[in-house]
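The structure appears below as structure tokens.
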Amino acid sequence: MSLIEFELPEEFQGETYESILAKMLEKVPNQYDKLEGGFAHDMIAPSALEAAELIQFWLALGIKTNFHMWATGTWLDYHAHDCGLTRKPATCAYTDLNITTTAAVTFPSGFIFSVPSEDGNPAIEFETLGENIFDAAGTYTIRVKAVTAGKNSNVAADTIIMMKNPVKNVEAITNPAQVTGGTEAESDSSLRQRIDDFYAGHGASYVGNKADYERWAREVAGVGYAHCIPLYDGANSVKLIIADENGDPATNELCAAVETYIFGENHHDIYRLAPIGVAKYAVVAPSTIEITLAMNAKISVSQSLAKKNIVAALTTYFKTLSDEDNFFGELRYSKVAAILSGVAGLDDFKNLLIRGGTENISFTQDQMPAISAGSITLNGW
């Protein structure tokens, strides 16, 4: 169901402060001064103003909260509850740390590593998931998760370099890869779409068809994109391709959460959603196809900011590529060029090349596009 623009019922559309005040003054006998500044006018005007606010704002808000297409926030949560749905909470980022030690070291469960505070921004903390005991000098890998859920914990590579409480015999700490997986709580538009899907009838099927698997996956906190490949390895097999709400490939933890939610702890789990007949399944992140851009550009901001704005605009576009067929089918050259023309700080460009050419880019069912500032080249005009 598409979102219909809200309008007050026709009976109330003409009820403005001026019209209400005029009707109230009509009821005042003509023997009294009804001009602005007169006693009758000045005594009635505040009531007319309150009545207009009641109709134009509070009545409108009351009507909106009764329909999920216009409800927001907590009121939208109430509509979701009626469908058996809940708003997905924010999720934490996960990453691997490389720890180099000069002797034996033990990191207890919950030990804190962090990105240093900078420019008034607080440190971003990550905690170990279990006890890590290293018996000798060497370089080891530790899995950590963000202490606070949300997108702010998606930090760049080589930024987690500190310990909250220093430990002896630690020579170096770093995260070799960019940290992903931290997402914000589900937006109103996303929750509203899931309610739409429920009322459209998709929620009535629980037989395990393609739409069911994709809908079930999107019910897991952090999942923004899900594509199902039925019969990927013969009869009674199903494969789910998962990305998070930021448009990044799903972390191992998110894939595991989806797998448990749909397929249960084991084949006999009474809470599993998947049909018993499914003999083989996989929940994986898509492989990424790096989208490189090269162009001659006129910019009115720094190169780093221009690239950051380009990445943000195209990442938003990438999320829409799966709307029709529910997988990343094709990246259109003309669409990318149109999006770039609206990027703040990129005043003009020419000779645009996408992955070295001017052709559309096609993806298989288990692939998705990805872009970073490092894959963008802005040459002089």
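Following the order of the structure tokens, first chain is A, next is B, and so on, with residues numbered from 1 inside each chain and ligands from 1 in the order they appear.
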So which residues touch segment 220-224 of chain A within 8 Å, counting only C-alpha atoms, skipping near sequence neighbours fewer than 5 positions away, as a list in words?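 Neighbouring residues, sequence-local ones excluded: Lys88, Pro89, Ala90, Thr91, Gly181, Gly182, Thr183, Glu184, Glu186, Ile242, Ala243, Asp244, Glu245, Asn246, Gly247, Ala250, Leu254, Ala257, Val258 and Tyr261 of chain A.
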Can you tell me which residues surround Arg215 of chain A at a distance of at most 12 Å, considering only C-alpha atoms, apart from same-chain residues fewer than 3 positions away, and format the answer as JSON, numbers by chain? {"A": [85, 193, 194, 195, 196, 197, 198, 201, 202, 203, 204, 205, 206, 208, 209, 210, 211, 212, 218, 219, 220, 223, 224, 225, 226, 227, 228, 240, 242, 258, 261, 262, 273, 274, 326]}
Mind dumping the selected residues with N, CA and C atoms as a JSON list (two decimals), in the first residue's frame?
[["chain", "number", "residue", "atom", "x", "y", "z"],
["A", 85, "LEU", "N", 3.69, -7.66, 14.97],
["A", 85, "LEU", "CA", 5.02, -7.17, 14.61],
["A", 85, "LEU", "C", 5.56, -6.24, 15.69],
["A", 193, "GLN", "N", 6.19, -0.27, 6.07],
["A", 193, "GLN", "CA", 6.19, -1.16, 4.91],
["A", 193, "GLN", "C", 5.92, -2.59, 5.33],
["A", 194, "ARG", "N", 6.45, -3.03, 6.46],
["A", 194, "ARG", "CA", 6.19, -4.39, 6.93],
["A", 194, "ARG", "C", 4.73, -4.56, 7.32],
["A", 195, "ILE", "N", 4.13, -3.51, 7.87],
["A", 195, "ILE", "CA", 2.69, -3.57, 8.16],
["A", 195, "ILE", "C", 1.90, -3.65, 6.86],
["A", 196, "ASP", "N", 2.32, -2.86, 5.86],
["A", 196, "ASP", "CA", 1.68, -2.92, 4.54],
["A", 196, "ASP", "C", 1.74, -4.33, 3.98],
["A", 197, "ASP", "N", 2.92, -4.95, 4.08],
["A", 197, "ASP", "CA", 3.09, -6.31, 3.56],
["A", 197, "ASP", "C", 2.16, -7.29, 4.27],
["A", 198, "PHE", "N", 2.01, -7.11, 5.56],
["A", 198, "PHE", "CA", 1.14, -8.00, 6.33],
["A", 198, "PHE", "C", -0.30, -7.87, 5.85],
["A", 201, "GLY", "N", -1.41, -9.35, 2.47],
["A", 201, "GLY", "CA", -1.62, -10.77, 2.36],
["A", 201, "GLY", "C", -0.38, -11.61, 2.46],
["A", 202, "HIS", "N", 0.81, -10.95, 2.41],
["A", 202, "HIS", "CA", 2.04, -11.73, 2.49],
["A", 202, "HIS", "C", 2.14, -12.43, 3.84],
["A", 203, "GLY", "N", 1.58, -11.83, 4.86],
["A", 203, "GLY", "CA", 1.66, -12.43, 6.18],
["A", 203, "GLY", "C", 0.76, -13.63, 6.35],
["A", 204, "ALA", "N", -0.12, -13.89, 5.39],
["A", 204, "ALA", "CA", -1.06, -15.01, 5.53],
["A", 204, "ALA", "C", -0.42, -16.34, 5.17],
["A", 205, "SER", "N", 0.72, -16.29, 4.47],
["A", 205, "SER", "CA", 1.35, -17.52, 4.02],
["A", 205, "SER", "C", 2.49, -17.90, 4.95],
["A", 206, "TYR", "N", 2.45, -19.09, 5.48],
["A", 206, "TYR", "CA", 3.53, -19.59, 6.31],
["A", 206, "TYR", "C", 3.96, -20.97, 5.83],
["A", 208, "GLY", "N", 6.38, -21.46, 3.66],
["A", 208, "GLY", "CA", 7.80, -21.49, 3.32],
["A", 208, "GLY", "C", 8.07, -21.19, 1.87],
["A", 209, "ASN", "N", 7.28, -20.31, 1.26],
["A", 209, "ASN", "CA", 7.59, -19.92, -0.11],
["A", 209, "ASN", "C", 8.67, -18.83, -0.09],
["A", 210, "LYS", "N", 9.07, -18.38, -1.26],
["A", 210, "LYS", "CA", 10.16, -17.41, -1.38],
["A", 210, "LYS", "C", 9.86, -16.14, -0.59],
["A", 211, "ALA", "N", 8.63, -15.63, -0.72],
["A", 211, "ALA", "CA", 8.26, -14.40, -0.02],
["A", 211, "ALA", "C", 8.30, -14.58, 1.48],
["A", 212, "ASP", "N", 7.91, -15.78, 1.97],
["A", 212, "ASP", "CA", 7.95, -16.04, 3.40],
["A", 212, "ASP", "C", 9.37, -15.92, 3.95],
["A", 218, "ARG", "N", 13.64, -10.34, 7.18],
["A", 218, "ARG", "CA", 13.57, -8.90, 7.46],
["A", 218, "ARG", "C", 12.98, -8.61, 8.83],
["A", 219, "GLU", "N", 12.43, -9.61, 9.50],
["A", 219, "GLU", "CA", 11.92, -9.41, 10.85],
["A", 219, "GLU", "C", 13.04, -9.41, 11.89],
["A", 220, "VAL", "N", 14.23, -9.83, 11.51],
["A", 220, "VAL", "CA", 15.37, -9.89, 12.43],
["A", 220, "VAL", "C", 16.02, -8.51, 12.52],
["A", 223, "VAL", "N", 18.53, -6.49, 9.83],
["A", 223, "VAL", "CA", 18.42, -6.90, 8.43],
["A", 223, "VAL", "C", 17.68, -5.82, 7.63],
["A", 224, "GLY", "N", 18.30, -5.38, 6.55],
["A", 224, "GLY", "CA", 17.66, -4.40, 5.69],
["A", 224, "GLY", "C", 17.31, -4.97, 4.32],
["A", 225, "TYR", "N", 17.99, -6.04, 3.94],
["A", 225, "TYR", "CA", 17.79, -6.63, 2.62],
["A", 225, "TYR", "C", 17.89, -8.15, 2.74],
["A", 226, "ALA", "N", 16.96, -8.85, 2.10],
["A", 226, "ALA", "CA", 16.99, -10.31, 2.11],
["A", 226, "ALA", "C", 16.50, -10.82, 0.76],
["A", 227, "HIS", "N", 17.26, -11.72, 0.18],
["A", 227, "HIS", "CA", 16.87, -12.34, -1.09],
["A", 227, "HIS", "C", 16.96, -13.85, -0.94],
["A", 228, "CYS", "N", 15.91, -14.53, -1.35],
["A", 228, "CYS", "CA", 15.84, -15.98, -1.22],
["A", 228, "CYS", "C", 16.10, -16.65, -2.58],
["A", 240, "LEU", "N", 19.55, -17.93, 1.64],
["A", 240, "LEU", "CA", 19.17, -16.54, 1.90],
["A", 240, "LEU", "C", 20.40, -15.66, 1.80],
["A", 242, "ILE", "N", 21.80, -11.97, 2.70],
["A", 242, "ILE", "CA", 21.42, -10.97, 3.70],
["A", 242, "ILE", "C", 22.39, -9.79, 3.68],
["A", 258, "VAL", "N", 19.71, -14.69, 11.84],
["A", 258, "VAL", "CA", 18.66, -15.01, 10.87],
["A", 258, "VAL", "C", 18.48, -16.52, 10.78],
["A", 261, "TYR", "N", 16.62, -17.75, 13.83],
["A", 261, "TYR", "CA", 15.24, -17.27, 13.84],
["A", 261, "TYR", "C", 14.38, -18.09, 12.89],
["A", 262, "ILE", "N", 14.89, -18.40, 11.71],
["A", 262, "ILE", "CA", 14.09, -19.10, 10.70],
["A", 262, "ILE", "C", 14.17, -20.62, 10.84],
["A", 273, "LEU", "N", 10.59, -21.45, 11.97],
["A", 273, "LEU", "CA", 9.58, -21.00, 11.03],
["A", 273, "LEU", "C", 9.60, -21.81, 9.74],
["A", 274, "ALA", "N", 10.78, -22.28, 9.37],
["A", 274, "ALA", "CA", 10.92, -23.02, 8.11],
["A", 274, "ALA", "C", 10.20, -24.36, 8.18],
["A", 326, "ASN", "N", 13.77, -7.88, -5.98],
["A", 326, "ASN", "CA", 14.30, -8.28, -4.68],
["A", 326, "ASN", "C", 15.69, -8.91, -4.78]]
For Phe12 of chain A, the nearest of the candidates A:Glu50, A:Thr74, A:Gln56, A:Asp33, counting only C-alpha atoms: A:Gln56
Mind listing the helix (DSSP H, G or I) residues of segment 70-282 of chain A, per DSSP on the backbone, as a ChimeraX atom specification? /A:73-82,151-153,188-199,202-204,210-218,252-263
Can you tell me, as a list of chain:residue names, what residues are no more than 9 Å from Phe111 of chain A when counting only C-alpha atoms, ignoring any on the same chain fewer than 5 positions away?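 Surrounding residues, per the criterion: A:Phe126, A:Glu127, A:Thr128, A:Leu129, A:Gly130, A:Glu131, A:Met163, A:Lys164, A:Asn165.
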Export N, CA and C atoms of the chosen residues as an mmCIF file, in the first residue's frame?
data_model
loop_
_atom_site.group_PDB
_atom_site.id
_atom_site.type_symbol
_atom_site.label_atom_id
_atom_site.label_comp_id
_atom_site.auth_asym_id
_atom_site.auth_seq_id
_atom_site.Cartn_x
_atom_site.Cartn_y
_atom_site.Cartn_z
ATOM 1 N N PHE A 126 34.457 -1.177 22.519
ATOM 2 C CA PHE A 126 34.152 -2.535 22.066
ATOM 3 C C PHE A 126 34.570 -3.507 23.163
ATOM 4 N N GLU A 127 33.782 -4.543 23.378
ATOM 5 C CA GLU A 127 34.066 -5.495 24.441
ATOM 6 C C GLU A 127 34.282 -6.894 23.889
ATOM 7 N N THR A 128 35.120 -7.654 24.585
ATOM 8 C CA THR A 128 35.364 -9.044 24.189
ATOM 9 C C THR A 128 34.129 -9.884 24.496
ATOM 10 N N LEU A 129 33.925 -10.916 23.702
ATOM 11 C CA LEU A 129 32.742 -11.764 23.844
ATOM 12 C C LEU A 129 32.966 -12.922 24.812
ATOM 13 N N GLY A 130 34.194 -13.157 25.160
ATOM 14 C CA GLY A 130 34.524 -14.236 26.086
ATOM 15 C C GLY A 130 35.949 -14.057 26.554
ATOM 16 N N GLU A 131 36.405 -14.924 27.427
ATOM 17 C CA GLU A 131 37.776 -14.836 27.914
ATOM 18 C C GLU A 131 38.747 -15.282 26.824
ATOM 19 N N MET A 163 43.254 0.322 24.846
ATOM 20 C CA MET A 163 42.599 -0.463 25.885
ATOM 21 C C MET A 163 42.098 0.496 26.955
ATOM 22 N N LYS A 164 40.881 0.254 27.455
ATOM 23 C CA LYS A 164 40.348 1.117 28.502
ATOM 24 C C LYS A 164 41.197 1.013 29.758
ATOM 25 N N ASN A 165 41.592 -0.211 30.119
ATOM 26 C CA ASN A 165 42.486 -0.458 31.241
ATOM 27 C C ASN A 165 43.732 -1.160 30.695
#
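The gap separating atom CA of Ser375 of chain A from atom CA of Ala185 of chain A is 29.4 Å, in Å to one decimal.
Using only C-alpha atoms, the residues found no farther than 8 Å from Leu346 of chain A, other than those of its own chain fewer than 6 positions away, are A:Ala297, A:Lys298, A:Ile299, A:Ser300, A:Val301, A:Ala306, A:Leu340.
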Can you measure atom CA of Glu253 of chain A to atom CA of Glu125 of chain A for me? One decimal in Å is fine. 18.3 Å
List as a PyMOL selection string the protein and nucleic acid residues near segment 117-120 of chain A, meaning an atom at most 12 Å away when only C-alpha atoms are counted, but skip any in the same chain fewer than 6 places from it. chain A and resi 159-162+164
Next, the residues of the selection above should be written as a CSV table (one decimal), in the first residue's frame with C-alpha atoms.
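And here's again-v6.csv as it stands now:
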chain,number,residue,atom,x,y,z
A,159,THR,CA,41.0,2.9,14.5
A,160,ILE,CA,40.4,0.6,17.5
A,161,ILE,CA,43.9,1.0,19.0
A,162,MET,CA,43.4,1.5,22.7
A,164,LYS,CA,40.3,1.1,28.5
Give me the residues near Val155 of chain A as a PDB file with N, CA and C atoms, in the first residue's frame, where near means some atom within 10 Å (using only C-alpha atoms) and where sequence neighbours in that chain fewer than 4 positions away do not count.
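result-v4.pdb, freshly written:
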ATOM      1  N   ALA A  93      27.739  -3.365  16.274  1.00  0.00           N
ATOM      2  CA  ALA A  93      28.752  -3.744  15.291  1.00  0.00           C
ATOM      3  C   ALA A  93      29.677  -4.798  15.892  1.00  0.00           C
ATOM      4  N   THR A  95      33.556  -6.948  15.080  1.00  0.00           N
ATOM      5  CA  THR A  95      34.766  -6.952  14.270  1.00  0.00           C
ATOM      6  C   THR A  95      35.817  -7.835  14.926  1.00  0.00           C
ATOM      7  N   VAL A 115      38.092   3.085  20.317  1.00  0.00           N
ATOM      8  CA  VAL A 115      38.572   4.117  19.405  1.00  0.00           C
ATOM      9  C   VAL A 115      38.803   5.359  20.254  1.00  0.00           C
ATOM     10  N   ILE A 124      34.720   5.336  21.386  1.00  0.00           N
ATOM     11  CA  ILE A 124      33.772   4.295  20.979  1.00  0.00           C
ATOM     12  C   ILE A 124      34.316   2.973  21.484  1.00  0.00           C
ATOM     13  N   LYS A 151      24.760   3.050  14.518  1.00  0.00           N
ATOM     14  CA  LYS A 151      25.666   3.225  13.388  1.00  0.00           C
ATOM     15  C   LYS A 151      27.000   3.847  13.785  1.00  0.00           C
ATOM     16  N   THR A 159      41.362   1.849  13.587  1.00  0.00           N
ATOM     17  CA  THR A 159      40.981   2.924  14.517  1.00  0.00           C
ATOM     18  C   THR A 159      40.781   2.431  15.945  1.00  0.00           C
ATOM     19  N   ILE A 160      40.548   1.140  16.139  1.00  0.00           N
ATOM     20  CA  ILE A 160      40.416   0.583  17.488  1.00  0.00           C
ATOM     21  C   ILE A 160      41.822   0.227  17.958  1.00  0.00           C
ATOM     22  N   ASN A 175      42.171  -2.970  14.333  1.00  0.00           N
ATOM     23  CA  ASN A 175      41.139  -3.696  13.583  1.00  0.00           C
ATOM     24  C   ASN A 175      41.506  -3.604  12.104  1.00  0.00           C
ATOM     25  N   ALA A 177      40.074  -4.454   9.392  1.00  0.00           N
ATOM     26  CA  ALA A 177      38.998  -4.183   8.427  1.00  0.00           C
ATOM     27  C   ALA A 177      38.028  -3.152   8.989  1.00  0.00           C
ATOM     28  N   GLN A 178      37.291  -2.522   8.098  1.00  0.00           N
ATOM     29  CA  GLN A 178      36.237  -1.598   8.523  1.00  0.00           C
ATOM     30  C   GLN A 178      35.206  -2.350   9.357  1.00  0.00           C
ATOM     31  N   VAL A 179      34.720  -1.702  10.396  1.00  0.00           N
ATOM     32  CA  VAL A 179      33.745  -2.323  11.290  1.00  0.00           C
ATOM     33  C   VAL A 179      32.339  -2.086  10.741  1.00  0.00           C
ATOM     34  N   THR A 180      31.531  -3.139  10.659  1.00  0.00           N
ATOM     35  CA  THR A 180      30.160  -3.028  10.170  1.00  0.00           C
ATOM     36  C   THR A 180      29.212  -3.772  11.097  1.00  0.00           C
ATOM     37  N   GLY A 182      26.607  -2.310  12.875  1.00  0.00           N
ATOM     38  CA  GLY A 182      25.844  -1.435  13.759  1.00  0.00           C
ATOM     39  C   GLY A 182      24.750  -0.719  13.000  1.00  0.00           C
TER      40      GLY A 182
END
Show me, as a short mmCIF file (atom, residue, chain, number, x, y, z; two decimals) with C-alpha atoms, in the first residue's frame, the residues that have an atom within 12 Å of Ala337 of chain A when counting only C-alpha atoms, minus same-chain residues fewer than 4 positions from it.
data_model
loop_
_atom_site.label_atom_id
_atom_site.label_comp_id
_atom_site.auth_asym_id
_atom_site.auth_seq_id
_atom_site.Cartn_x
_atom_site.Cartn_y
_atom_site.Cartn_z
CA LEU A 293 34.16 5.83 -10.35
CA ALA A 294 36.46 8.11 -12.30
CA MET A 295 35.54 11.54 -13.65
CA ILE A 310 29.13 10.66 -3.36
CA ALA A 313 24.23 9.27 -2.26
CA LEU A 314 25.12 6.10 -4.16
CA TYR A 317 20.62 4.37 -4.44
CA LEU A 331 23.30 -0.64 -11.82
CA ARG A 332 22.37 1.82 -14.55
CA TYR A 333 24.99 4.24 -15.85
CA SER A 341 24.42 15.67 -10.59
CA GLY A 342 22.64 16.29 -7.29
CA VAL A 343 25.55 15.58 -4.92
CA LEU A 346 30.10 18.23 -6.81
CA ASP A 348 29.90 19.58 -12.37
CA PHE A 349 31.56 16.53 -13.91
CA LYS A 350 32.32 14.92 -17.26
CA ASN A 351 33.93 11.78 -18.70
CA LEU A 352 32.30 9.59 -16.06
CA LEU A 353 33.55 5.99 -16.03
CA ILE A 354 31.95 3.27 -13.90
CA THR A 358 30.02 3.48 -19.58
CA GLU A 359 27.97 0.29 -19.56
CA ASN A 360 25.35 -0.79 -17.03
#
